[in-house]
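Coordinates from input_37.tsv are shown below (TSV, C-alpha atoms and all ligand atoms).
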chain	number	residue	atom	x	y	z
A	1	MET	CA	2.16	20.11	-20.35
A	2	THR	CA	1.62	22.27	-17.27
A	3	ARG	CA	4.01	25.20	-16.79
A	4	ARG	CA	5.69	24.57	-13.45
A	5	LEU	CA	6.16	27.87	-11.66
A	6	TYR	CA	8.14	26.42	-8.74
A	7	LEU	CA	11.05	25.64	-11.07
A	8	ASP	CA	11.75	29.38	-11.55
A	9	ASP	CA	10.71	30.56	-8.11
A	10	PRO	CA	10.53	28.03	-5.24
A	11	HIS	CA	9.27	30.81	-2.94
A	12	LEU	CA	6.18	31.56	-5.08
A	13	MET	CA	3.28	30.49	-2.86
A	14	THR	CA	0.31	32.31	-4.50
A	15	PHE	CA	-0.46	32.19	-8.22
A	16	ASP	CA	-3.28	32.68	-10.71
A	17	ALA	CA	-4.06	30.14	-13.42
A	18	THR	CA	-6.66	29.03	-15.94
A	19	VAL	CA	-8.46	25.67	-15.73
A	20	ARG	CA	-7.48	23.46	-18.69
A	21	ASP	CA	-9.30	20.29	-17.66
A	22	VAL	CA	-11.58	19.17	-14.85
A	23	ALA	CA	-12.94	15.68	-14.13
A	24	PRO	CA	-14.47	13.81	-11.19
A	25	ALA	CA	-11.94	11.89	-9.06
A	26	GLY	CA	-13.97	9.81	-6.60
A	27	GLU	CA	-15.58	12.34	-4.25
A	28	HIS	CA	-13.19	15.05	-5.42
A	29	LEU	CA	-12.17	16.85	-8.61
A	30	ALA	CA	-9.04	16.26	-10.71
A	31	VAL	CA	-8.02	19.69	-11.95
A	32	VAL	CA	-5.44	20.52	-14.63
A	33	LEU	CA	-4.25	24.14	-14.90
A	34	ASP	CA	-2.21	25.97	-17.56
A	35	GLN	CA	0.42	26.70	-14.87
A	36	SER	CA	0.94	25.73	-11.25
A	37	ALA	CA	3.22	26.46	-8.30
A	38	PHE	CA	2.17	23.15	-6.67
A	39	TYR	CA	5.00	20.62	-6.57
A	40	PRO	CA	3.78	17.17	-7.70
A	41	GLU	CA	5.06	14.12	-5.79
A	42	SER	CA	8.31	12.86	-7.31
A	43	GLY	CA	11.95	12.11	-6.57
A	44	GLY	CA	11.16	11.11	-2.98
A	45	GLN	CA	9.71	14.56	-2.19
A	46	LEU	CA	6.11	14.80	-0.92
A	47	PRO	CA	3.50	16.70	-3.02
A	48	ASP	CA	2.55	20.21	-1.98
A	49	ARG	CA	-0.63	20.93	-0.07
A	50	GLY	CA	-2.65	24.11	-0.08
A	51	THR	CA	-5.83	25.49	-1.60
A	52	LEU	CA	-7.35	26.21	-4.99
A	53	GLN	CA	-10.05	28.92	-4.70
A	54	ALA	CA	-10.00	28.23	-0.93
A	55	HIS	CA	-10.77	24.50	-1.50
A	56	ARG	CA	-8.22	22.03	-0.15
A	57	VAL	CA	-5.67	20.53	-2.54
A	58	LEU	CA	-5.32	16.95	-1.27
A	59	ASP	CA	-2.78	15.56	-3.73
A	60	VAL	CA	-0.66	16.66	-6.70
A	61	GLN	CA	0.69	14.16	-9.22
A	62	VAL	CA	2.42	14.50	-12.58
A	63	HIS	CA	1.70	12.37	-15.66
A	64	ALA	CA	4.40	11.12	-18.01
A	65	ASP	CA	3.50	13.88	-20.52
A	66	GLY	CA	4.23	16.59	-17.94
A	67	THR	CA	0.58	17.32	-17.04
A	68	VAL	CA	0.21	18.21	-13.35
A	69	VAL	CA	-3.07	16.94	-11.84
A	70	HIS	CA	-4.42	18.53	-8.62
A	71	THR	CA	-6.89	16.49	-6.56
A	72	VAL	CA	-9.15	19.12	-5.00
A	73	GLN	CA	-11.82	18.73	-2.32
A	74	TRP	CA	-14.43	20.64	-4.32
A	75	PRO	CA	-17.95	20.66	-2.84
A	76	ASP	CA	-19.85	21.14	-6.11
A	77	ALA	CA	-18.87	18.89	-9.02
A	78	ASP	CA	-20.30	21.40	-11.52
A	79	GLY	CA	-18.74	24.37	-9.75
A	80	LEU	CA	-15.60	24.49	-11.87
A	81	ARG	CA	-15.36	24.69	-15.66
A	82	VAL	CA	-12.64	24.72	-18.29
A	83	GLY	CA	-11.55	28.33	-18.87
A	84	ASP	CA	-12.29	29.48	-15.29
A	85	GLY	CA	-9.65	31.59	-13.60
A	86	VAL	CA	-8.50	30.24	-10.22
A	87	ARG	CA	-6.10	31.28	-7.49
A	88	GLY	CA	-3.84	28.69	-5.92
A	89	VAL	CA	-2.13	29.05	-2.55
A	90	VAL	CA	0.63	26.62	-1.58
A	91	ASP	CA	0.99	25.61	2.11
A	92	ARG	CA	4.12	27.63	2.90
A	93	HIS	CA	5.17	25.77	6.06
A	94	HIS	CA	4.93	22.36	4.40
A	95	ARG	CA	6.82	23.49	1.27
A	96	ARG	CA	9.43	25.36	3.28
A	97	SER	CA	10.06	22.19	5.35
A	98	GLN	CA	10.33	20.03	2.24
A	99	MET	CA	12.75	22.49	0.59
A	100	ALA	CA	15.02	22.47	3.64
A	101	LEU	CA	14.92	18.67	4.02
A	102	HIS	CA	15.41	18.13	0.30
A	103	THR	CA	18.39	20.46	-0.09
A	104	ALA	CA	19.90	19.01	3.09
A	105	GLN	CA	19.55	15.57	1.48
A	106	HIS	CA	21.56	16.68	-1.59
A	107	MET	CA	24.36	18.01	0.63
A	108	LEU	CA	24.32	15.06	3.01
A	109	SER	CA	24.44	12.54	0.15
A	110	GLN	CA	27.59	14.25	-1.15
A	111	ALA	CA	29.15	14.55	2.32
A	112	LEU	CA	28.48	10.84	3.00
A	113	TYR	CA	30.09	9.99	-0.34
A	114	LEU	CA	33.17	12.10	0.41
A	115	GLU	CA	33.50	10.82	3.99
A	116	LEU	CA	32.46	7.15	3.64
A	117	LEU	CA	32.64	6.57	-0.13
A	118	ALA	CA	28.97	5.59	0.15
A	119	ASP	CA	26.61	6.15	-2.77
A	120	THR	CA	23.01	7.19	-2.15
A	121	VAL	CA	20.76	4.41	-3.48
A	122	SER	CA	17.52	6.22	-2.66
A	123	ALA	CA	16.21	9.07	-0.53
A	124	ARG	CA	12.79	9.68	0.96
A	125	LEU	CA	11.23	12.73	2.58
A	126	SER	CA	8.41	12.60	5.13
A	127	GLU	CA	6.64	15.48	6.86
A	128	ALA	CA	9.30	16.21	9.45
A	129	SER	CA	12.33	14.08	8.61
A	130	ALA	CA	14.05	12.24	5.79
A	131	THR	CA	16.12	9.14	5.06
A	132	ILE	CA	19.02	8.31	2.78
A	133	ASP	CA	19.74	4.68	1.89
A	134	LEU	CA	23.45	4.06	1.29
A	135	ASN	CA	25.13	1.19	-0.55
A	136	ILE	CA	27.19	0.27	2.54
A	137	ALA	CA	26.29	-2.07	5.38
A	138	ASP	CA	27.69	-0.06	8.27
A	139	ALA	CA	29.44	3.19	9.19
A	140	THR	CA	31.26	4.53	12.23
A	141	ASP	CA	29.68	7.26	14.36
A	142	ALA	CA	32.81	9.34	13.72
A	143	GLY	CA	32.36	9.08	9.93
A	144	LEU	CA	28.68	10.00	10.10
A	145	ASP	CA	29.45	12.91	12.46
A	146	LYS	CA	32.10	14.23	10.12
A	147	ALA	CA	29.66	14.15	7.18
A	148	ALA	CA	27.03	16.05	9.20
A	149	GLN	CA	29.66	18.57	10.35
A	150	ALA	CA	30.72	19.22	6.74
A	151	VAL	CA	27.10	19.94	5.77
A	152	ASN	CA	26.53	22.19	8.79
A	153	ALA	CA	29.73	24.13	7.99
A	154	LEU	CA	28.39	24.84	4.49
A	155	ILE	CA	25.04	25.87	5.98
A	156	ASP	CA	26.86	28.29	8.30
A	157	ASP	CA	28.79	29.69	5.32
A	158	ASP	CA	25.45	30.45	3.60
A	159	VAL	CA	26.54	29.44	0.09
A	160	ALA	CA	24.30	29.75	-2.98
A	161	VAL	CA	22.12	26.88	-4.26
A	162	ARG	CA	21.61	27.41	-7.99
A	163	ALA	CA	19.32	25.70	-10.51
A	164	ILE	CA	20.90	25.63	-13.98
A	165	PHE	CA	19.86	24.21	-17.35
A	166	PRO	CA	23.23	23.34	-18.97
A	167	THR	CA	23.84	22.68	-22.67
A	168	PRO	CA	24.86	19.06	-23.49
A	169	GLU	CA	28.51	20.25	-23.65
A	170	GLU	CA	28.26	22.02	-20.30
A	171	LEU	CA	26.50	18.99	-18.81
A	172	ALA	CA	29.28	16.66	-19.97
A	173	ALA	CA	31.82	18.83	-18.14
A	174	LEU	CA	29.91	18.95	-14.84
A	175	PRO	CA	31.03	16.68	-11.95
A	176	LEU	CA	27.55	15.18	-11.45
A	177	ARG	CA	27.03	13.06	-8.29
A	178	SER	CA	24.39	10.97	-10.11
A	179	PRO	CA	23.32	10.67	-13.76
A	180	PRO	CA	20.19	12.54	-14.96
A	181	LYS	CA	16.89	10.58	-15.08
A	182	VAL	CA	15.54	12.60	-18.05
A	183	THR	CA	17.07	13.37	-21.43
A	184	ASP	CA	15.56	16.80	-22.24
A	185	ASN	CA	15.71	20.06	-20.32
A	186	ILE	CA	18.01	18.61	-17.71
A	187	ARG	CA	17.98	20.76	-14.59
A	188	VAL	CA	21.01	20.66	-12.37
A	189	ILE	CA	21.18	21.82	-8.74
A	190	ALA	CA	24.56	23.15	-7.67
A	191	VAL	CA	25.32	23.76	-4.01
A	192	GLN	CA	28.27	26.05	-4.75
A	193	ASP	CA	30.78	23.53	-6.14
A	194	PHE	CA	30.30	21.09	-3.23
A	195	ASP	CA	27.47	19.11	-4.82
A	196	VAL	CA	26.24	19.13	-8.40
A	197	THR	CA	23.36	16.82	-9.22
A	198	PRO	CA	20.40	16.70	-11.64
A	199	CYS	CA	17.05	17.24	-9.89
A	200	GLY	CA	13.55	18.53	-10.62
A	201	GLY	CA	12.58	19.14	-6.98
A	202	THR	CA	12.29	22.29	-4.90
A	203	HIS	CA	15.32	23.61	-3.02
A	204	VAL	CA	16.28	26.56	-0.88
A	205	GLU	CA	18.25	29.34	-2.62
A	206	ARG	CA	20.95	29.69	0.02
A	207	THR	CA	22.17	27.04	2.45
A	208	ALA	CA	21.52	29.17	5.56
A	209	GLN	CA	17.80	28.70	4.81
A	210	ILE	CA	18.26	25.06	5.87
A	211	GLY	CA	19.27	26.17	9.38
A	212	PHE	CA	21.07	22.95	10.27
A	213	VAL	CA	21.09	19.22	9.63
A	214	HIS	CA	20.91	16.66	12.43
A	215	LEU	CA	21.38	12.89	12.06
A	216	THR	CA	18.89	11.12	14.34
A	217	LYS	CA	19.68	7.42	13.82
A	218	THR	CA	20.89	4.73	11.43
A	219	GLU	CA	19.50	1.28	10.75
A	220	ARG	CA	20.30	-1.65	8.49
A	221	VAL	CA	17.65	-2.19	5.80
A	222	LYS	CA	18.44	-5.27	3.68
A	223	LYS	CA	21.87	-4.53	2.18
A	224	SER	CA	21.66	-0.77	2.79
A	225	LEU	CA	22.50	1.50	5.69
A	226	ARG	CA	19.56	3.88	6.22
A	227	VAL	CA	20.50	7.27	7.65
A	228	HIS	CA	17.65	9.20	9.29
A	229	PHE	CA	18.01	12.94	9.59
A	230	THR	CA	16.08	16.13	10.06
A	231	ALA	CA	16.69	19.73	9.08
A	232	GLY	CA	15.05	23.14	8.75
A	233	PRO	CA	11.81	24.12	10.51
A	234	PRO	CA	10.66	20.55	11.31
A	235	GLY	CA	14.14	19.72	12.63
A	236	ARG	CA	13.97	22.74	14.92
A	237	ASP	CA	10.52	21.65	16.18
A	238	HIS	CA	11.87	18.14	16.77
A	239	LEU	CA	14.87	19.34	18.80
A	240	PHE	CA	12.88	21.93	20.78
A	241	ALA	CA	10.36	19.23	21.73
A	242	ARG	CA	13.21	16.92	22.79
A	243	ASP	CA	14.79	19.70	24.83
A	244	HIS	CA	11.49	20.29	26.59
A	245	ILE	CA	11.29	16.60	27.51
A	246	VAL	CA	14.90	16.66	28.78
A	247	GLN	CA	14.09	19.69	30.95
A	248	GLN	CA	11.05	17.90	32.39
A	249	LEU	CA	13.22	14.87	33.24
A	250	CYS	CA	15.84	17.14	34.86
A	251	ASP	CA	13.14	18.76	37.00
A	252	LYS	CA	11.74	15.38	38.08
A	253	LEU	CA	15.14	13.91	38.86
A	254	THR	CA	16.58	17.20	40.21
A	255	CYS	CA	19.77	17.04	38.17
A	256	GLY	CA	21.39	18.74	35.19
A	257	ALA	CA	21.01	17.34	31.66
A	258	PRO	CA	24.59	15.94	31.48
A	259	ASP	CA	23.93	13.92	34.68
A	260	LEU	CA	20.67	12.38	33.41
A	261	PRO	CA	22.16	9.09	32.12
A	262	ASP	CA	24.07	8.42	35.38
A	263	VAL	CA	21.15	9.39	37.61
A	264	LEU	CA	18.78	7.18	35.61
A	265	ASP	CA	21.24	4.27	35.65
A	266	LYS	CA	21.44	4.49	39.45
A	267	GLN	CA	17.65	4.69	39.82
A	268	LEU	CA	17.12	1.71	37.50
A	269	ALA	CA	19.75	-0.35	39.37
A	270	GLN	CA	18.02	0.48	42.67
A	271	LEU	CA	14.64	-0.45	41.21
A	272	LYS	CA	16.00	-3.78	39.97
A	273	ALA	CA	17.48	-4.59	43.41
A	274	GLN	CA	14.22	-3.65	45.14
A	275	ARG	CA	12.20	-5.78	42.72
A	276	GLN	CA	14.44	-8.76	43.46
A	277	GLU	CA	14.07	-8.17	47.20
A	278	LEU	CA	10.31	-7.82	46.85
A	279	GLY	CA	10.20	-11.06	44.84
A	280	GLN	CA	12.02	-12.87	47.65
A	281	LEU	CA	9.54	-11.48	50.19
A	282	TRP	CA	6.56	-12.54	48.05
A	283	ARG	CA	8.04	-16.04	47.75
A	284	ALA	CA	8.62	-16.27	51.52
A	285	LEU	CA	5.03	-15.16	52.14
A	286	ALA	CA	3.68	-17.67	49.60
A	287	ASP	CA	5.68	-20.42	51.26
A	288	ALA	CA	4.25	-19.60	54.72
A	289	GLU	CA	0.65	-19.09	53.54
A	290	GLY	CA	0.81	-22.08	51.20
A	291	ARG	CA	1.54	-24.37	54.16
A	292	THR	CA	-1.70	-23.24	55.89
A	293	TRP	CA	-3.64	-24.12	52.68
A	294	LEU	CA	-2.07	-27.56	52.72
A	295	THR	CA	-3.85	-28.39	56.00
A	296	ALA	CA	-7.22	-28.41	54.18
A	297	LYS	CA	-8.63	-31.88	53.54
A	298	ASP	CA	-10.14	-31.16	50.08
A	299	PRO	CA	-8.87	-33.58	47.40
A	300	VAL	CA	-8.37	-30.53	45.10
A	301	LEU	CA	-7.55	-27.17	46.72
A	302	VAL	CA	-9.45	-24.18	45.30
A	303	VAL	CA	-7.69	-21.01	46.45
A	304	GLU	CA	-9.30	-17.60	45.88
A	305	LEU	CA	-6.95	-14.59	45.90
A	306	ALA	CA	-6.88	-10.98	44.75
A	307	ASP	CA	-4.19	-8.48	43.69
A	308	LYS	CA	-1.14	-10.66	44.40
A	309	ASP	CA	2.25	-10.30	42.74
A	310	PRO	CA	3.08	-12.81	39.96
A	311	ALA	CA	6.09	-13.91	42.07
A	312	TYR	CA	3.70	-14.82	44.92
A	313	LEU	CA	1.39	-16.82	42.62
A	314	ALA	CA	4.26	-18.73	41.00
A	315	ALA	CA	5.73	-19.52	44.43
A	316	LEU	CA	2.34	-20.68	45.77
A	317	GLN	CA	1.89	-22.95	42.77
A	318	GLY	CA	5.39	-24.26	43.50
A	319	VAL	CA	4.42	-25.09	47.11
A	320	PHE	CA	1.40	-27.12	45.94
A	321	ARG	CA	3.52	-28.87	43.33
A	322	THR	CA	6.25	-29.72	45.84
A	323	HIS	CA	3.68	-31.23	48.23
A	324	GLN	CA	1.94	-33.17	45.42
A	325	ARG	CA	-1.40	-31.42	46.00
A	326	PRO	CA	-3.76	-30.79	43.08
A	327	ALA	CA	-4.73	-27.12	43.28
A	328	VAL	CA	-6.56	-24.38	41.38
A	329	ILE	CA	-5.56	-20.79	42.15
A	330	VAL	CA	-8.26	-18.28	41.17
A	331	HIS	CA	-6.73	-14.81	41.16
A	332	GLN	CA	-8.76	-11.62	40.70
A	333	THR	CA	-6.93	-8.71	39.02
A	334	ALA	CA	-8.25	-5.28	38.01
A	335	GLU	CA	-8.93	-6.48	34.44
A	336	ALA	CA	-9.83	-10.17	34.68
A	337	THR	CA	-9.52	-13.39	36.67
A	338	ASP	CA	-6.39	-15.49	36.22
A	339	VAL	CA	-6.56	-19.23	36.82
A	340	LEU	CA	-3.46	-21.31	37.62
A	341	LEU	CA	-3.80	-25.09	37.85
A	342	THR	CA	-1.30	-27.70	39.04
A	343	SER	CA	-1.75	-31.43	39.57
A	344	PRO	CA	0.44	-34.50	40.17
A	345	ASP	CA	-2.46	-36.82	39.23
A	346	PRO	CA	-4.68	-36.31	36.14
A	347	ALA	CA	-7.32	-38.60	37.69
A	348	ALA	CA	-7.76	-36.15	40.56
A	349	LEU	CA	-7.42	-33.02	38.36
A	350	ASP	CA	-6.67	-32.80	34.64
A	351	CYS	CA	-5.39	-29.18	34.48
A	352	GLY	CA	-5.57	-28.64	30.70
A	353	ALA	CA	-9.03	-30.21	30.30
A	354	THR	CA	-10.44	-28.32	33.32
A	355	MET	CA	-9.07	-25.01	32.06
A	356	LYS	CA	-10.51	-25.61	28.60
A	357	ALA	CA	-13.93	-26.41	30.06
A	358	LEU	CA	-13.82	-23.21	32.16
A	359	ALA	CA	-12.98	-21.11	29.11
A	360	VAL	CA	-15.88	-22.67	27.19
A	361	ALA	CA	-18.28	-22.04	30.11
A	362	LEU	CA	-17.18	-18.50	31.03
A	363	GLY	CA	-15.47	-17.12	27.92
A	364	GLY	CA	-11.82	-16.07	27.87
A	365	LYS	CA	-8.72	-18.03	26.99
A	366	GLY	CA	-6.68	-20.78	28.55
A	367	GLY	CA	-5.12	-24.21	28.19
A	368	GLY	CA	-2.18	-26.39	29.09
A	369	LYS	CA	-1.13	-29.92	29.95
A	370	PRO	CA	-2.71	-32.40	32.42
A	371	ASP	CA	-0.17	-31.48	35.13
A	372	ASN	CA	-0.05	-27.72	34.56
A	373	ALA	CA	-2.34	-25.12	32.92
A	374	ARG	CA	-3.36	-21.49	33.09
A	375	GLY	CA	-5.93	-19.10	31.66
A	376	ARG	CA	-7.53	-15.69	31.84
A	377	LEU	CA	-11.30	-15.32	32.14
A	378	PRO	CA	-13.48	-12.18	32.05
A	379	ALA	CA	-15.79	-13.38	34.91
A	380	PRO	CA	-15.35	-12.30	38.60
A	381	ALA	CA	-13.20	-14.60	40.77
A	382	ALA	CA	-16.21	-15.80	42.85
A	383	ASP	CA	-18.02	-17.00	39.69
A	384	VAL	CA	-14.85	-18.68	38.44
A	385	ALA	CA	-14.32	-20.46	41.80
A	386	ARG	CA	-17.94	-21.65	41.75
A	387	ALA	CA	-17.51	-22.98	38.19
A	388	VAL	CA	-14.29	-24.74	39.25
A	389	ARG	CA	-16.05	-26.50	42.11
A	390	GLN	CA	-18.88	-27.53	39.74
A	391	GLN	CA	-16.30	-28.97	37.37
A	392	LEU	CA	-14.71	-30.94	40.20
A	393	SER	CA	-17.93	-32.30	41.72
A	401	ZN	ZN	16.67	18.04	-5.44

Starting from the file, give its structure as structure tokens.
Amino acid sequence: MTRRLYLDDPHLMTFDATVRDVAPAGEHLAVVLDQSAFYPESGGQLPDRGTLQAHRVLDVQVHADGTVVHTVQWPDADGLRVGDGVRGVVDRHHRRSQMALHTAQHMLSQALYLELLADTVSARLSEASATIDLNIADATDAGLDKAAQAVNALIDDDVAVRAIFPTPEELAALPLRSPPKVTDNIRVIAVQDFDVTPCGGTHVERTAQIGFVHLTKTERVKKSLRVHFTAGPPGRDHLFARDHIVQQLCDKLTCGAPDLPDVLDKQLAQLKAQRQELGQLWRALADAEGRTWLTAKDPVLVVELADKDPAYLAALQGVFRTHQRPAVIVHQTAEATDVLLTSPDPAALDCGATMKALAVALGGKGGGKPDNARGRLPAPAADVARAVRQQLS
């Protein structure tokens, strides 16, 4: 069993240890030490990162017998032997973030229970945020806000977070939020008397070290309500980045942050109205230009166009359809050539079959029915138009 130094001192980031076992692990080494400050992945908390003798520690896992195994990016497989002394350095920023998120999760789980009578089914930490899955289907914003406010009030009050190893009698008397998952050496984390729960993870020592907790969103996952939140240093980075984006939007739209939603709503409404107006103009233009195409005597019209609006193309196809004229519109865009086919008479033009043959000849995709088909081909419009005429001849 590896002695776990983080249990006594979660702020210990540098430690010396002796190698107890070393074995190849793929391209890396699996290293077991007599003691370690590296937190192994468990309880929804990510494993620590850092270095062992300046070589990167990629993963830390714990076996059922309590042995902590470090996966180390070690360049020389024979470069480490049992009995060697090594120095480990834990990535402080990563651990500090996990401690803040993890302790915030304890407090938030209790606050959500008190406010919504919701039990935490599971919790998961990622690099910069965390989630709690609750055994309820939905919650009001007011209830969630109140829970977050209760946690933030305790953070402001800077209360102690203690790790205790109670006797069985003491344990029986504690108001535990959840039952312990182990039977021996049960460690209990007490956030003052607000939350008391068994846990083997790493936590801050005082709540002010969390800084704040901020709920970012909720979502329904199967029968659970998943609450997303952030806290501590990664939460601060998240909010500062958001604030920077908000400031950029304010500068672009020349308004204050509180006015952003209204200003954007107005701009989007204007844009929608202008798009509708533009669509009407495109359709009017297609109607006028379509009539000039109709004067051509060709049994099947082949119309070459470039950079037109989809509203124009749909309207032009509509003109040909209305006047019962088989037509192939070949439209060059920046990326490819679009082909739109319409026909009242499969004997004159079978749209689906013609489109399929074009795709076979020129690559690309397309298909449809005898009276209507479309496709997108990688070839230039001139080549596509030539291939269309060959198909028709
Ligand atoms: Zn914990």

Counting only C-alpha atoms and all ligand atoms, which residues of chain A sit at most 6 Å from some atom of ligand ZN 401 (chain A), and what is each one's closest atom pair with its distance in Å to one decimal, listed by chain and rising residue number, as JSON lines?
{"residue": "A:His102", "atom": "CA", "partner": "A:ZN401", "partner_atom": "ZN", "distance": 5.9}
{"residue": "A:Cys199", "atom": "CA", "partner": "A:ZN401", "partner_atom": "ZN", "distance": 4.5}
{"residue": "A:Gly201", "atom": "CA", "partner": "A:ZN401", "partner_atom": "ZN", "distance": 4.5}

*Could you name the residues that touch Gly43 of chain A at 10 Å or less, counting all atoms listed in the file, but leaving out those on the same chain fewer than 2 positions away, as a list in words?*
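Residues near the query, excluding close chain neighbours: Pro40, Glu41, Gln45, Leu46, His102, Ser122, Ala123, Arg124, Leu125, Lys181, Cys199, Gly200 and Gly201 of chain A.
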
*Choose the residue, out of A:Cys351, A:Leu80, A:Leu12, A:Val330, that has the smallest atom-to-atom separation from Ala381 of chain A; count only C-alpha atoms.*
A:Val330

*Find the residues around Ala190 of chain A up to 10 Å (only C-alpha atoms counted), leave out those fewer than 2 positions away in its own chain, and share them as a list of chain:residue names.*
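Surrounding residues, per the criterion: A:His106, A:Met107, A:Ala160, A:Val161, A:Arg162, A:Ala163, A:Ile164, A:Leu174, A:Leu176, A:Arg187, A:Val188, A:Gln192, A:Asp193, A:Phe194, A:Asp195, A:Val196, A:Thr197, A:Pro198, A:Cys199.
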
*May I ask which of the residues A:Leu215, A:Leu29, A:Ala353, A:Leu171 is the closest one to Pro370 of chain A, counting only C-alpha atoms?*
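That would be A:Ala353, the residue with the smallest distance to Pro370 of chain A.
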
_Who sits within 8 Å of segment 52-62 of chain A, only C-alpha atoms, same chain under 2 positions skipped, as a PyMOL selection string_ = chain A and resi 38-42+47-50+64+66-74+86-89

Would you mind exporting the chosen residues as a short mmCIF file (atom, residue, chain, number, x, y, z; two decimals), in the frame of the given file, restricted to C-alpha atoms?
data_model
loop_
_atom_site.label_atom_id
_atom_site.label_comp_id
_atom_site.auth_asym_id
_atom_site.auth_seq_id
_atom_site.Cartn_x
_atom_site.Cartn_y
_atom_site.Cartn_z
CA PHE A 38 2.17 23.15 -6.67
CA TYR A 39 5.00 20.62 -6.57
CA PRO A 40 3.78 17.17 -7.70
CA GLU A 41 5.06 14.12 -5.79
CA SER A 42 8.31 12.86 -7.31
CA PRO A 47 3.50 16.70 -3.02
CA ASP A 48 2.55 20.21 -1.98
CA ARG A 49 -0.63 20.93 -0.07
CA GLY A 50 -2.65 24.11 -0.08
CA ALA A 64 4.40 11.12 -18.01
CA GLY A 66 4.23 16.59 -17.94
CA THR A 67 0.58 17.32 -17.04
CA VAL A 68 0.21 18.21 -13.35
CA VAL A 69 -3.07 16.94 -11.84
CA HIS A 70 -4.42 18.53 -8.62
CA THR A 71 -6.89 16.49 -6.56
CA VAL A 72 -9.15 19.12 -5.00
CA GLN A 73 -11.82 18.73 -2.32
CA TRP A 74 -14.43 20.64 -4.32
CA VAL A 86 -8.50 30.24 -10.22
CA ARG A 87 -6.10 31.28 -7.49
CA GLY A 88 -3.84 28.69 -5.92
CA VAL A 89 -2.13 29.05 -2.55
#

*What is the atom CA of Asp309 of chain A to atom CA of Val328 of chain A distance in Å?*
16.7 Å

*What is the atom CA of Tyr6 of chain A-atom CA of Asp237 of chain A distance in Å, reported with one decimal?*
25.5 Å

*Quick one: distance from atom CA of Asp157 of chain A to atom CA of Pro233 of chain A in Å, one decimal?*
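Interatomic distance here is 18.6 Å.
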
*Rank A:Lys146, A:Arg206, A:His28, A:His228 by their smallest atom-to-atom distance to Gln105 of chain A, using all atoms listed in the file, and report the top residue only.*
A:His228

_Nearest-residue call for Ala347 of chain A, choices A:Gly79, A:Gly232, A:Pro24, A:Pro326, using all atoms listed in the file_ = A:Pro326

*Which of these residues is nearest to Ala139 of chain A, using all atoms listed in the file: A:Lys308, A:Arg95, A:Arg374, A:Arg226?*
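Ranking A:Lys308, A:Arg95, A:Arg374, A:Arg226 by distance to Ala139 of chain A, first place goes to A:Arg226.
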
*Pick from A:Ala327, A:Ile132, A:Ala315, A:Ala150: nearest to Lys297 of chain A, with only C-alpha atoms counted?*
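Closest residue, counting only C-alpha atoms: A:Ala327.
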
*Selection: 10 Å around segment 332-334 of chain A, only C-alpha atoms, excl. self and same-chain fewer than 6 positions, as a ChimeraX atom specification*: /A:304-308,376-382,384

*So which residues touch Leu281 of chain A within 12 Å, counting only C-alpha atoms, skipping near sequence neighbours fewer than 5 positions away, as number ranges by chain?*
A: 274-276, 286-288, 309, 311-312, 315

How big is the axis-aligned box around the listed atoms of segment 101-110 of chain A once 3 Å is added on each side, and where is its centre? Give both in Å to one decimal, as AutoDock Vina command-line options.
--center_x 21.3 --center_y 16.5 --center_z 1.2 --size_x 18.7 --size_y 13.9 --size_z 11.6

*For the point (33.8, 6.3, 0.6) in the file's frame, write as a list of chain:residue names all residues with an atom no more than 12 Å away, counting all atoms listed in the file.*
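The distance filter leaves exactly A:Ser109, A:Gln110, A:Ala111, A:Leu112, A:Tyr113, A:Leu114, A:Glu115, A:Leu116, A:Leu117, A:Ala118, A:Asp119, A:Thr120, A:Leu134, A:Asn135, A:Ile136, A:Asp138, A:Ala139, A:Gly143, A:Leu144, A:Ala147.
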